[in-house]
Structure formats: structure tokens, C-alpha cells
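Chemist: upload-v4.cif is reproduced in full below (mmCIF, C-alpha atoms and all ligand atoms).
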```cif
data_entry
loop_
_atom_site.label_atom_id
_atom_site.label_comp_id
_atom_site.auth_asym_id
_atom_site.auth_seq_id
_atom_site.Cartn_x
_atom_site.Cartn_y
_atom_site.Cartn_z
CA MET F 1 -10.01 8.41 -10.03
CA GLU F 2 -10.51 4.90 -11.34
CA ILE F 3 -11.91 2.42 -8.83
CA CYS F 4 -10.73 -1.10 -9.66
CA ARG F 5 -12.43 -4.08 -8.02
CA THR F 6 -10.75 -6.78 -10.07
CA LYS F 7 -7.20 -7.62 -11.05
CA ALA F 8 -8.21 -7.34 -14.72
CA ALA F 9 -9.56 -3.80 -14.18
CA LEU F 10 -6.37 -2.88 -12.33
CA ARG F 11 -4.14 -4.16 -15.12
CA GLU F 12 -6.16 -2.15 -17.67
CA ALA F 13 -5.94 1.01 -15.53
CA ARG F 14 -2.22 0.43 -15.08
CA ALA F 15 -1.69 0.16 -18.83
CA ARG F 16 -3.45 3.49 -19.35
CA LEU F 17 -1.56 5.22 -16.50
CA GLY F 18 1.84 4.07 -17.66
CA ASP F 19 1.60 5.48 -21.17
CA GLU F 20 4.56 7.51 -22.44
CA GLY F 21 6.83 5.93 -19.84
CA ALA F 22 5.16 7.63 -16.86
CA GLN F 23 6.54 6.61 -13.46
CA VAL F 24 3.95 4.98 -11.25
CA GLY F 25 3.94 5.06 -7.43
CA LEU F 26 2.10 2.42 -5.41
CA VAL F 27 0.88 3.00 -1.84
CA PRO F 28 -0.43 -0.24 -0.29
CA THR F 29 -2.84 0.25 2.65
CA MET F 30 -5.53 -1.52 4.62
CA GLY F 31 -7.78 1.57 4.46
CA TYR F 32 -9.44 3.62 7.19
CA LEU F 33 -7.09 6.34 6.06
CA HIS F 34 -5.41 8.91 8.29
CA GLU F 35 -2.70 11.58 7.94
CA GLY F 36 0.01 8.86 8.01
CA HIS F 37 -1.40 7.27 4.86
CA LEU F 38 -1.94 10.68 3.24
CA THR F 39 1.72 11.56 3.89
CA LEU F 40 2.77 8.43 1.97
CA ILE F 41 0.42 9.38 -0.87
CA ARG F 42 1.71 12.99 -1.00
CA ARG F 43 5.28 11.71 -1.17
CA ALA F 44 4.30 9.39 -4.02
CA LYS F 45 2.56 12.27 -5.81
CA ALA F 46 5.69 14.42 -5.46
CA GLU F 47 8.05 11.72 -6.73
CA THR F 48 6.09 9.93 -9.47
CA ASP F 49 3.73 10.85 -12.32
CA ARG F 50 0.79 8.61 -11.40
CA VAL F 51 -0.29 7.19 -8.05
CA VAL F 52 -2.12 3.94 -7.36
CA VAL F 53 -3.39 3.21 -3.83
CA SER F 54 -4.58 -0.22 -2.71
CA ILE F 55 -7.11 -0.69 0.05
CA PHE F 56 -7.22 -4.30 1.12
CA VAL F 57 -7.60 -5.71 4.63
CA ASN F 58 -5.50 -8.76 3.90
CA PRO F 59 -6.91 -11.81 5.72
CA THR F 60 -3.73 -13.88 5.37
CA GLN F 61 -1.68 -11.57 7.62
CA PHE F 62 -4.11 -11.91 10.55
CA GLY F 63 -3.88 -14.83 12.96
CA PRO F 64 -7.05 -16.80 13.82
CA THR F 65 -7.54 -14.94 17.12
CA GLU F 66 -6.61 -11.50 15.74
CA ASP F 67 -8.80 -8.55 14.79
CA PHE F 68 -9.55 -9.15 11.09
CA ASP F 69 -13.32 -8.75 11.59
CA ALA F 70 -12.96 -5.82 14.01
CA TYR F 71 -10.43 -3.98 11.82
CA PRO F 72 -11.93 -0.50 11.11
CA ARG F 73 -13.27 0.05 7.60
CA ASP F 74 -14.91 3.05 5.85
CA GLU F 75 -14.49 2.70 2.13
CA ALA F 76 -16.72 5.62 1.10
CA ARG F 77 -14.74 8.06 3.26
CA ASP F 78 -11.44 6.59 2.03
CA PHE F 79 -12.44 7.06 -1.63
CA THR F 80 -13.34 10.73 -0.99
CA LEU F 81 -9.98 11.34 0.69
CA LEU F 82 -8.11 9.68 -2.17
CA GLU F 83 -10.07 11.68 -4.75
CA ASP F 84 -9.16 14.89 -2.87
CA GLU F 85 -5.47 13.92 -2.94
CA GLY F 86 -5.61 13.50 -6.72
CA VAL F 87 -4.91 9.76 -6.69
CA ASP F 88 -5.20 8.23 -10.17
CA ALA F 89 -6.48 4.75 -9.33
CA VAL F 90 -7.53 2.76 -6.29
CA PHE F 91 -7.49 -1.02 -6.11
CA ALA F 92 -10.05 -2.31 -3.62
CA PRO F 93 -10.68 -6.02 -4.25
CA ASP F 94 -12.57 -8.60 -2.21
CA PRO F 95 -10.43 -11.38 -0.69
CA SER F 96 -12.04 -13.83 -3.14
CA GLU F 97 -10.73 -11.72 -6.05
CA MET F 98 -7.26 -11.44 -4.55
CA TYR F 99 -6.74 -15.11 -3.68
CA ASP F 100 -7.32 -18.23 -5.73
CA PRO F 101 -8.57 -20.82 -3.22
CA GLU F 102 -6.20 -23.34 -4.79
CA ALA F 103 -3.11 -21.14 -4.53
CA GLU F 104 -0.20 -22.90 -2.84
CA THR F 105 2.65 -20.43 -3.23
CA ALA F 106 3.75 -17.92 -0.61
CA VAL F 107 6.64 -15.49 -0.10
CA GLU F 108 8.50 -15.29 3.20
CA PRO F 109 12.00 -14.26 4.24
CA THR F 110 12.89 -17.15 6.51
CA ASN F 111 14.81 -15.38 9.29
CA LEU F 112 13.51 -11.83 9.25
CA SER F 113 9.87 -12.87 9.35
CA ARG F 114 10.26 -15.06 12.46
CA ILE F 115 11.76 -12.55 14.89
CA LEU F 116 10.18 -9.65 16.83
CA ILE F 117 6.60 -9.06 15.58
CA GLY F 118 6.91 -12.33 13.66
CA ARG F 119 7.15 -14.14 17.02
CA LEU F 120 4.15 -12.27 18.41
CA ARG F 121 2.16 -12.80 15.21
CA PRO F 122 3.23 -16.13 13.65
CA GLY F 123 2.57 -16.17 9.90
CA HIS F 124 1.98 -12.40 9.78
CA PHE F 125 4.96 -11.52 7.58
CA ARG F 126 4.33 -14.43 5.24
CA GLY F 127 0.89 -12.88 4.63
CA VAL F 128 2.36 -9.39 4.24
CA ALA F 129 5.23 -10.46 1.95
CA THR F 130 2.91 -12.52 -0.24
CA VAL F 131 0.25 -9.83 -0.67
CA VAL F 132 2.83 -7.10 -1.28
CA THR F 133 4.54 -9.28 -3.91
CA LYS F 134 1.16 -9.80 -5.60
CA LEU F 135 0.44 -6.04 -5.51
CA LEU F 136 3.88 -5.24 -6.95
CA ASN F 137 3.34 -7.78 -9.74
CA LEU F 138 -0.13 -6.43 -10.52
CA VAL F 139 0.75 -2.72 -10.51
CA GLN F 140 4.42 -2.94 -11.59
CA PRO F 141 5.18 0.43 -10.00
CA SER F 142 8.50 2.24 -10.33
CA HIS F 143 8.28 3.19 -6.62
CA ALA F 144 6.34 1.74 -3.66
CA TYR F 145 5.84 3.62 -0.38
CA PHE F 146 5.76 2.18 3.15
CA GLY F 147 5.71 3.79 6.60
CA ARG F 148 8.59 3.43 9.07
CA LYS F 149 5.97 2.86 11.79
CA ASP F 150 5.94 -0.75 10.58
CA TYR F 151 9.74 -0.90 10.77
CA GLN F 152 10.11 -4.65 10.49
CA GLN F 153 7.56 -4.79 7.67
CA LEU F 154 9.68 -2.32 5.70
CA ALA F 155 12.77 -4.49 6.31
CA VAL F 156 10.85 -7.61 5.20
CA ILE F 157 9.69 -5.91 2.00
CA ARG F 158 13.18 -4.61 1.19
CA ARG F 159 14.52 -8.15 1.69
CA VAL F 160 11.87 -9.69 -0.59
CA VAL F 161 12.46 -7.15 -3.36
CA ARG F 162 16.22 -7.66 -3.14
CA ASP F 163 16.11 -11.46 -2.95
CA LEU F 164 13.57 -11.84 -5.76
CA ASP F 165 14.97 -9.11 -8.05
CA VAL F 166 11.71 -7.14 -8.11
CA PRO F 167 12.33 -4.01 -10.22
CA VAL F 168 10.93 -1.38 -7.85
CA GLU F 169 12.35 1.29 -5.56
CA ILE F 170 11.06 0.87 -2.01
CA VAL F 171 10.66 4.21 -0.23
CA GLY F 172 10.42 4.42 3.59
CA VAL F 173 8.45 7.35 5.04
CA ASP F 174 8.87 8.77 8.56
CA ILE F 175 6.29 8.14 11.28
CA VAL F 176 3.45 10.66 11.47
CA ARG F 177 2.31 11.33 15.05
CA GLU F 178 -0.64 12.90 16.87
CA ALA F 179 0.11 16.12 18.80
CA ASP F 180 0.70 14.09 21.99
CA GLY F 181 3.22 11.79 20.29
CA LEU F 182 1.04 8.74 19.64
CA ALA F 183 1.90 7.23 16.24
CA MET F 184 -1.11 7.46 13.94
CA SER F 185 -2.69 4.09 13.30
CA SER F 186 -6.08 2.97 12.04
CA ARG F 187 -6.40 0.84 15.15
CA ASN F 188 -6.20 3.89 17.47
CA VAL F 189 -9.99 4.36 17.10
CA ARG F 190 -10.48 1.00 18.82
CA LEU F 191 -8.76 2.23 22.02
CA THR F 192 -10.98 3.06 25.00
CA GLU F 193 -10.78 6.63 26.29
CA GLU F 194 -8.58 5.49 29.18
CA HIS F 195 -6.26 3.52 26.90
CA ARG F 196 -6.04 6.40 24.42
CA ALA F 197 -4.95 8.69 27.25
CA ALA F 198 -2.24 6.22 28.32
CA ALA F 199 -0.98 5.31 24.83
CA PRO F 200 1.44 8.27 24.34
CA ALA F 201 3.62 6.48 26.91
CA LEU F 202 5.07 4.50 23.97
CA HIS F 203 6.49 7.69 22.48
CA ASP F 204 7.68 8.92 25.89
CA ALA F 205 9.43 5.60 26.49
CA LEU F 206 11.08 5.71 23.07
CA GLN F 207 12.39 9.21 23.69
CA GLU F 208 13.81 8.19 27.06
CA GLY F 209 15.30 5.05 25.55
CA ARG F 210 16.92 7.04 22.77
CA ALA F 211 18.34 9.56 25.26
CA ALA F 212 19.78 6.66 27.29
CA ILE F 213 21.47 5.01 24.27
CA GLU F 214 22.76 8.32 22.94
CA GLY F 215 23.98 9.16 26.45
CA GLY F 216 26.18 6.06 26.41
CA ARG F 217 24.03 3.60 28.41
CA THR F 218 23.98 -0.12 27.68
CA VAL F 219 21.09 -1.87 25.95
CA LYS F 220 20.16 -3.53 29.24
CA SER F 221 20.02 -0.24 31.10
CA ALA F 222 18.01 1.47 28.31
CA ARG F 223 15.50 -1.41 28.34
CA LYS F 224 15.06 -0.95 32.09
CA ILE F 225 14.33 2.77 31.65
CA ILE F 226 11.86 2.05 28.84
CA ARG F 227 10.09 -0.61 30.90
CA ARG F 228 9.69 1.80 33.81
CA VAL F 229 8.02 4.43 31.58
CA LEU F 230 5.72 1.84 29.98
CA GLN F 231 4.71 0.46 33.36
CA GLY F 232 3.18 3.89 34.05
CA ALA F 233 0.75 3.44 31.13
CA GLN F 234 -2.60 2.55 32.73
CA GLY F 235 -4.08 -0.59 31.16
CA GLY F 236 -1.09 -1.25 28.91
CA GLU F 237 0.43 -4.72 28.84
CA ILE F 238 4.00 -4.79 27.52
CA SER F 239 4.35 -7.41 24.76
CA SER F 240 7.94 -6.64 23.79
CA ILE F 241 10.78 -4.17 24.15
CA ASP F 242 13.63 -4.73 21.70
CA ILE F 243 16.77 -2.84 20.83
CA ARG F 244 18.27 -4.09 17.58
CA ASP F 245 20.76 -3.12 14.93
CA ALA F 246 18.93 -0.48 12.84
CA ASP F 247 19.91 -2.01 9.49
CA GLY F 248 19.65 -5.78 9.75
CA LEU F 249 17.66 -6.06 13.02
CA ALA F 250 20.41 -8.27 14.51
CA GLN F 251 20.61 -8.53 18.30
CA VAL F 252 22.78 -5.95 20.06
CA THR F 253 24.25 -6.16 23.55
CA GLY F 254 26.36 -3.87 25.72
CA ARG F 255 26.97 -0.31 24.58
CA PRO F 256 25.91 0.05 20.94
CA GLU F 257 28.49 1.61 18.65
CA GLY F 258 26.27 2.26 15.64
CA PRO F 259 22.58 3.09 15.06
CA VAL F 260 20.04 0.88 16.78
CA VAL F 261 16.26 0.81 16.58
CA ILE F 262 14.10 0.60 19.69
CA LEU F 263 10.97 -1.41 18.90
CA LEU F 264 7.95 -1.50 21.22
CA ALA F 265 4.74 -3.53 21.18
CA VAL F 266 2.18 -2.80 23.89
CA ARG F 267 -1.29 -4.31 24.15
CA PHE F 268 -4.22 -2.15 25.31
CA GLY F 269 -7.20 -4.48 25.62
CA SER F 270 -7.42 -6.24 22.25
CA VAL F 271 -5.42 -3.54 20.44
CA LEU F 272 -1.71 -4.18 19.84
CA LEU F 273 0.12 -0.87 19.37
CA ILE F 274 3.59 -0.77 17.88
CA ASP F 275 6.08 2.07 17.64
CA ASN F 276 9.82 2.55 17.16
CA MET F 277 12.62 5.08 17.14
CA VAL F 278 16.21 4.99 15.90
CA ALA F 279 18.96 5.93 18.37
CA ASP F 280 22.50 6.62 17.26
CA PRO F 281 25.17 6.72 19.96
CA ARG F 282 27.41 8.61 17.52
CA GLU F 283 24.92 11.49 17.92
CA ALA F 284 25.85 11.71 21.61
CA ALA F 285 26.25 15.23 22.93
N1 LIG F 301 1.66 6.97 11.56
C1 LIG F 301 2.16 6.55 10.42
N2 LIG F 301 3.23 7.18 9.90
C2 LIG F 301 3.78 6.74 8.73
N3 LIG F 301 3.30 5.70 8.03
C3 LIG F 301 2.24 5.06 8.50
C4 LIG F 301 1.61 5.44 9.72
N4 LIG F 301 0.58 4.60 9.95
C5 LIG F 301 0.56 3.74 8.93
N5 LIG F 301 1.55 4.00 8.06
C6 LIG F 301 1.89 3.24 6.85
O1 LIG F 301 0.78 3.16 6.01
C7 LIG F 301 0.81 1.93 5.29
C8 LIG F 301 -0.52 1.26 5.45
O2 LIG F 301 -0.68 0.92 6.81
P1 LIG F 301 -2.03 0.41 7.44
O3 LIG F 301 -3.13 0.58 6.45
O4 LIG F 301 -1.85 -0.91 8.07
O5 LIG F 301 -2.30 1.51 8.53
P2 LIG F 301 -2.03 1.52 10.03
O6 LIG F 301 -2.53 2.80 10.52
O7 LIG F 301 -0.61 1.08 10.23
O8 LIG F 301 -2.99 0.47 10.61
P3 LIG F 301 -2.74 -0.53 11.76
O9 LIG F 301 -1.39 -0.30 12.35
O10 LIG F 301 -3.84 -0.26 12.68
O11 LIG F 301 -2.82 -1.81 10.97
C9 LIG F 301 1.96 1.11 5.88
O12 LIG F 301 3.10 1.25 5.03
C10 LIG F 301 2.19 1.79 7.21
O13 LIG F 301 3.50 1.65 7.70
C1 LIG F 302 1.57 -3.40 3.55
C2 LIG F 302 0.15 -3.88 3.85
C3 LIG F 302 -0.84 -3.01 3.08
C4 LIG F 302 0.01 -5.30 3.33
O1 LIG F 302 -1.26 -5.80 3.57
C5 LIG F 302 -0.15 -3.83 5.35
O2 LIG F 302 0.63 -4.72 6.07
C6 LIG F 302 -0.08 -2.45 5.93
O3 LIG F 302 -1.07 -1.73 5.76
O4 LIG F 302 0.93 -2.08 6.54
N1 LIG F 303 0.27 -1.95 9.38
C1 LIG F 303 0.40 -3.33 9.81
C2 LIG F 303 -0.65 -4.21 9.31
C3 LIG F 303 -1.16 -5.13 10.36
O1 LIG F 303 -1.10 -4.82 11.54
O2 LIG F 303 -1.65 -6.22 10.01
#
```
Write out the structure in this file as C-alpha cells.
Ligand SMILES: Nc1ncnc2c1ncn2[C@@H]1O[C@H](COP(=O)(O)OP(=O)(O)OP(=O)(O)O)[C@@H](O)[C@H]1O
Ligand SMILES: CC(C)(CO)[C@@H](O)C(=O)[O-]
Ligand code: BAL

Modeler:
Amino acid sequence: MEICRTKAALREARARLGDEGAQVGLVPTMGYLHEGHLTLIRRAKAETDRVVVSIFVNPTQFGPTEDFDAYPRDEARDFTLLEDEGVDAVFAPDPSEMYDPEAETAVEPTNLSRILIGRLRPGHFRGVATVVTKLLNLVQPSHAYFGRKDYQQLAVIRRVVRDLDVPVEIVGVDIVREADGLAMSSRNVRLTEEHRAAAPALHDALQEGRAAIEGGRTVKSARKIIRRVLQGAQGGEISSIDIRDADGLAQVTGRPEGPVVILLAVRFGSVLLIDNMVADPREAA
């Protein structure tokens, strides 16, 4: 596995990997890898000839009071895991390598990046869209893999690629969960024992919300049910409960007629957990 610290080293590795028209899969991550990340990597391995993983805790997607410094990191362990998965190259640059201090260009879908998580984390999706665009330009993959756990992020990236004619196939991968339903996330290690025990309430609430929508309830009624379940989570502070059109994330009211996505954000101490689930009333029993 080639370890690339600079953009120049990455471009050289990419040229070698892409010989004879090989298809290249890119899996962008912020490291501290878990089974969710490994599932993305295995999918990339199955669908492409060569796999590049990036590990970069991107400072520009964190707000000034957010957890950039506290974000968990363990590069040595990550490299071992990637080696074991048969990854061909890893890109792990310092922020100073990634960003020219004089850069003045950014990428941001104007509407999609300002709703939902974009309201909770102003500037977040501008940071994500810009760094992902840079990674796509550097690696020039045929396919790039993203988790559905970050549902809005996936929508933002699809929008960017479509609007800017980026020649890549974006692949969404289902959420990988712990046995008790909690969505895997690098930030889960920062939960206290009490908060960790309460956190599966997000998954419980999503399941109840989905059952309500698929049972013909209105959005308002489903939100009420979800709120009640989340209020039982000791130490959890509800940041947002949203039920939106599953494709474009437009607002939905009344009784949904097509697929919707239920999006939750709950704060436990300084850790913001997010999760989501699609509900389709046409699946009603
Ligand atoms: N449980 C999961 N199931 C599927 N994909 C996941 C899961 N967790 C993360 N991913 C995906 O892995 C990629 C890298 O995510 P990232 O490195 O931010 O990990 P993370 O666990 O989401 O961390 P955090 O949410 O704490 O920032 C993203 O595309 C993300 O959606
Ligand atoms: C896509 C990403 C690697 C961009 O920094 C990040 O937002 C993440 O890990 O989901
Ligand atoms: N996986 C989302 C990255 C972030 O929370 O910044």
C-alpha cells in the first residue's frame, strides 16, 4: 500500500494505479476507521480494480466551536486496517499540504447546503463540497463511495458532481449499525458510558417514525412519536427532527405519498449524533 503525504505523491501513485485503463475507486474518510468505513472500502474493492482511501480531518468543515481538535485520530491503526483490506494507496496529507493559504475558491450548492445540518453547522457543507471536489480532482476516480449515514452530505456531493460535470459515479452505501442499532461513527468513542447506553434511542425513534409514516400517519404525528422516544434518551438534547422528501430533501407536510427520509440530530454532551431512515408509505401493509 502506497502512503501518500503530498498531492504530488498522490498524482504519481494515481498514474501508476490507472495503467491499462484500470477503474479506480475513491473512499474519502476522516480516519479512526470502523466497520462502516470498511464496508465502503469492500464495496469499492468489489466494484473497481484499484482502491484509494483518503484520511483527512478537514478543518474547513468544522465550525470554530466544534470538535476539530477533539476528533479521534489513530493513523497507525488505520494504516494497518487499510493494508489488511488490500487498499492500493492512502492519501493522508497535513492541512497545510491540502490548502494553499491564499486560496479563495470554494464549492457550495447554495440551497442544499443551507438547510438541515447546514443550519446547525453553518459553512459545514461548503467545507465538505470543496474538499471532496479537490479529492475528486486529485484522484480522478471512476467511482467514489459515501455512506448514507451522512444522508445530506451524499445529496450535496451528488448535486456538486451533477452541476459541475465531474466525471465520476457516486455510490451510496447503506448505514452500518452496532448490534443495538446505534449507527457506527468515529465520534461514538467520545460518548460517556451513560450517553452510549442512551444513544440507540435514535434508531428506536427512526423505526417508530417509519412505522408511523408507513402506517398512514401525517408528518406532524410521526414527529410527535419520534420526539417522545427521543425524550426517553437520558442526557440527549434533541437538535432536530426532520421528515423530508427522500430525493430532493424538500419539505413535506400532511400524509406523504412517496418516500420520505426521517433525519435526526441529537446532542449528547459535546457529541452531535446524526442518523436517518427512509420511510415509504407505498410500503404500507
Ligand atoms: N455507520 C456507517 N455506515 C455507513 N457509512 C458510514 C458510517 N459511518 C461513516 N460512514 C461513511 O464513511 C465516510 C467517512 O465518514 P467519517 O470518516 O466522517 O466517519 P464517521 O464515522 O461518519 O465520523 P463522524 O460521524 O464521527 O464524523 C462517509 O462517507 C460516511 O458517510
Ligand atoms: C466526505 C468527508 C471525508 C469530507 O471531509 C467527510 O465529510 C466524511 O468523512 O464524511
Ligand atoms: N461524517 C461527517 C463529517 C463531519 O461530521 O464533519

Chemist: List all protein, DNA and RNA residues that have at least one atom no more than 8 Å from any atom of ligand LIG 302 (chain F), counting only C-alpha atoms and all ligand atoms, and write them as a PyMOL selection string.

Modeler: chain F and resi 27-31+54-58+61+127-129+131-132+146-147+150+153

Chemist: Neighbours of ligand LIG 301 (chain F) at 8 Å or closer, counting all atoms listed in the file: which residues, as a ChimeraX atom specification?

Modeler: /F:27-37,39-40,55,57,71,145-151,153-154,173-177,183-188,273-274

Chemist: Given only C-alpha atoms and all ligand atoms as the basis, pick out the residue of F:Arg162, F:Lys224, F:Arg126, F:Arg217 nearest to ligand LIG 303 (chain F).

Modeler: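 Among F:Arg162, F:Lys224, F:Arg126, F:Arg217, it is F:Arg126 that comes nearest to ligand LIG 303 (chain F).
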
Chemist: Measuring atom to atom with all atoms listed in the file, identify which of F:Glu108, F:Glu66, F:Glu12, F:Glu193 is nearest to ligand LIG 303 (chain F).

Modeler: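 Among F:Glu108, F:Glu66, F:Glu12, F:Glu193, it is F:Glu66 that comes nearest to ligand LIG 303 (chain F).
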
Chemist: Anything within 10 Å of (5.9, 4.4, -16.5): list those residues as a list in words, counting all atoms listed in the file and sticking to the file's coordinates.

Modeler: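 Here the neighbourhood of the point contains Arg14, Ala15, Arg16, Leu17, Gly18, Asp19, Glu20, Gly21, Ala22, Gln23, Val24, Gly25, Thr48, Asp49, Arg50, Gln140, Pro141 and Ser142 of chain F.
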
Chemist: Just give me the gap between CA of Ser270 (chain F) and atom N1 of ligand LIG 303 (chain F) in Å, one decimal is fine.

Modeler: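 CA of Ser270 (chain F) sits 15.6 Å away from atom N1 of ligand LIG 303 (chain F).
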
Chemist: F:Lys220, F:Val278, F:Phe91, F:Ile225: which is nearest Leu138 (chain F), counting only C-alpha atoms?

Modeler: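 That would be F:Phe91, the residue with the smallest distance to Leu138 (chain F).
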
Chemist: Any idea what the distance is between CA of Gly232 (chain F) and CA of Ala198 (chain F)?

Modeler: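 CA of Gly232 (chain F) sits 8.2 Å away from CA of Ala198 (chain F).
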
Chemist: Here is a test: counting only C-alpha atoms and all ligand atoms, which residue of F:Phe125, F:Leu135, F:Val156, F:Ser240 is nearest to ligand LIG 303 (chain F)?

Modeler: F:Phe125

Chemist: Pick from F:Gly123, F:Gly269, F:Thr130, F:Leu116: nearest to Asp242 (chain F), with only C-alpha atoms counted?

Modeler: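 Closest residue, counting only C-alpha atoms: F:Leu116.
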
Chemist: Of the residues F:Asp67, F:Asp74, F:Asp100, F:Glu283, which is the one nearest to Glu214 (chain F), using only C-alpha atoms?

Modeler: F:Glu283

Chemist: Can you pull out the residues contacting Thr65 (chain F)? Cut-off 12 Å, using all atoms listed in the file, and skip same-chain residues under 6 positions away; I want them as a list in words.

Modeler: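 Residues meeting the cut-off are Pro59, Arg121, Pro122 and Ser270 of chain F.
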
Chemist: Between CA of Pro200 (chain F) and CA of Val229 (chain F), what is the distance in Å, rounded to a tenth?

Modeler: 10.5 Å

Chemist: May I have the residues within 9 Å of Val160 (chain F) as a PyMOL selection string, using all atoms listed in the file and disregarding those fewer than 2 positions away in the same chain?

Modeler: chain F and resi 107-109+129+133+155-158+162-166

Chemist: Skip Val51 (chain F) itself and residues of its chain fewer than 2 positions away, then list as number ranges by chain all residues within 7 Å of it, counting all atoms listed in the file.

Modeler: F: 24-26, 44-45, 49, 53, 87-89

Chemist: Can you pull out every residue within 7 Å of Val261 (chain F), counting all atoms listed in the file, but drop anything in the same chain fewer than 4 positions away, and send it as a list in words?

Modeler: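 Selected residues are Ile243, Arg244, Asp245, Ala246, Asn276, Met277, Val278 and Ala279 of chain F.
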
Chemist: Some atoms are absent from region 254-265 of chain F, so rebuild N, CA and C atoms and return them as a CSV table (one decimal), keeping the file's coordinate frame.

Modeler:
```
chain,number,residue,atom,x,y,z
F,254,GLY,N,25.4,-4.8,25.2
F,254,GLY,CA,26.4,-3.9,25.7
F,254,GLY,C,26.1,-2.5,25.3
F,255,ARG,N,27.1,-1.7,25.0
F,255,ARG,CA,27.0,-0.3,24.6
F,255,ARG,C,27.0,-0.3,23.1
F,256,PRO,N,25.9,0.1,22.4
F,256,PRO,CA,25.9,0.0,20.9
F,256,PRO,C,26.9,1.1,20.4
F,257,GLU,N,27.5,0.7,19.3
F,257,GLU,CA,28.5,1.6,18.6
F,257,GLU,C,27.9,2.3,17.4
F,258,GLY,N,26.9,1.7,16.8
F,258,GLY,CA,26.3,2.3,15.6
F,258,GLY,C,24.8,2.4,15.9
F,259,PRO,N,24.0,2.9,14.9
F,259,PRO,CA,22.6,3.1,15.1
F,259,PRO,C,21.8,1.8,15.4
F,260,VAL,N,20.9,2.0,16.4
F,260,VAL,CA,20.0,0.9,16.8
F,260,VAL,C,18.6,1.4,16.6
F,261,VAL,N,17.7,0.4,16.6
F,261,VAL,CA,16.3,0.8,16.6
F,261,VAL,C,15.6,0.2,17.8
F,262,ILE,N,14.8,1.1,18.5
F,262,ILE,CA,14.1,0.6,19.7
F,262,ILE,C,12.7,0.3,19.2
F,263,LEU,N,12.3,-1.0,19.4
F,263,LEU,CA,11.0,-1.4,18.9
F,263,LEU,C,10.1,-1.8,20.1
F,264,LEU,N,8.9,-1.2,20.1
F,264,LEU,CA,8.0,-1.5,21.2
F,264,LEU,C,6.7,-2.1,20.7
F,265,ALA,N,6.1,-3.0,21.5
F,265,ALA,CA,4.7,-3.5,21.2
F,265,ALA,C,4.0,-3.6,22.5
```
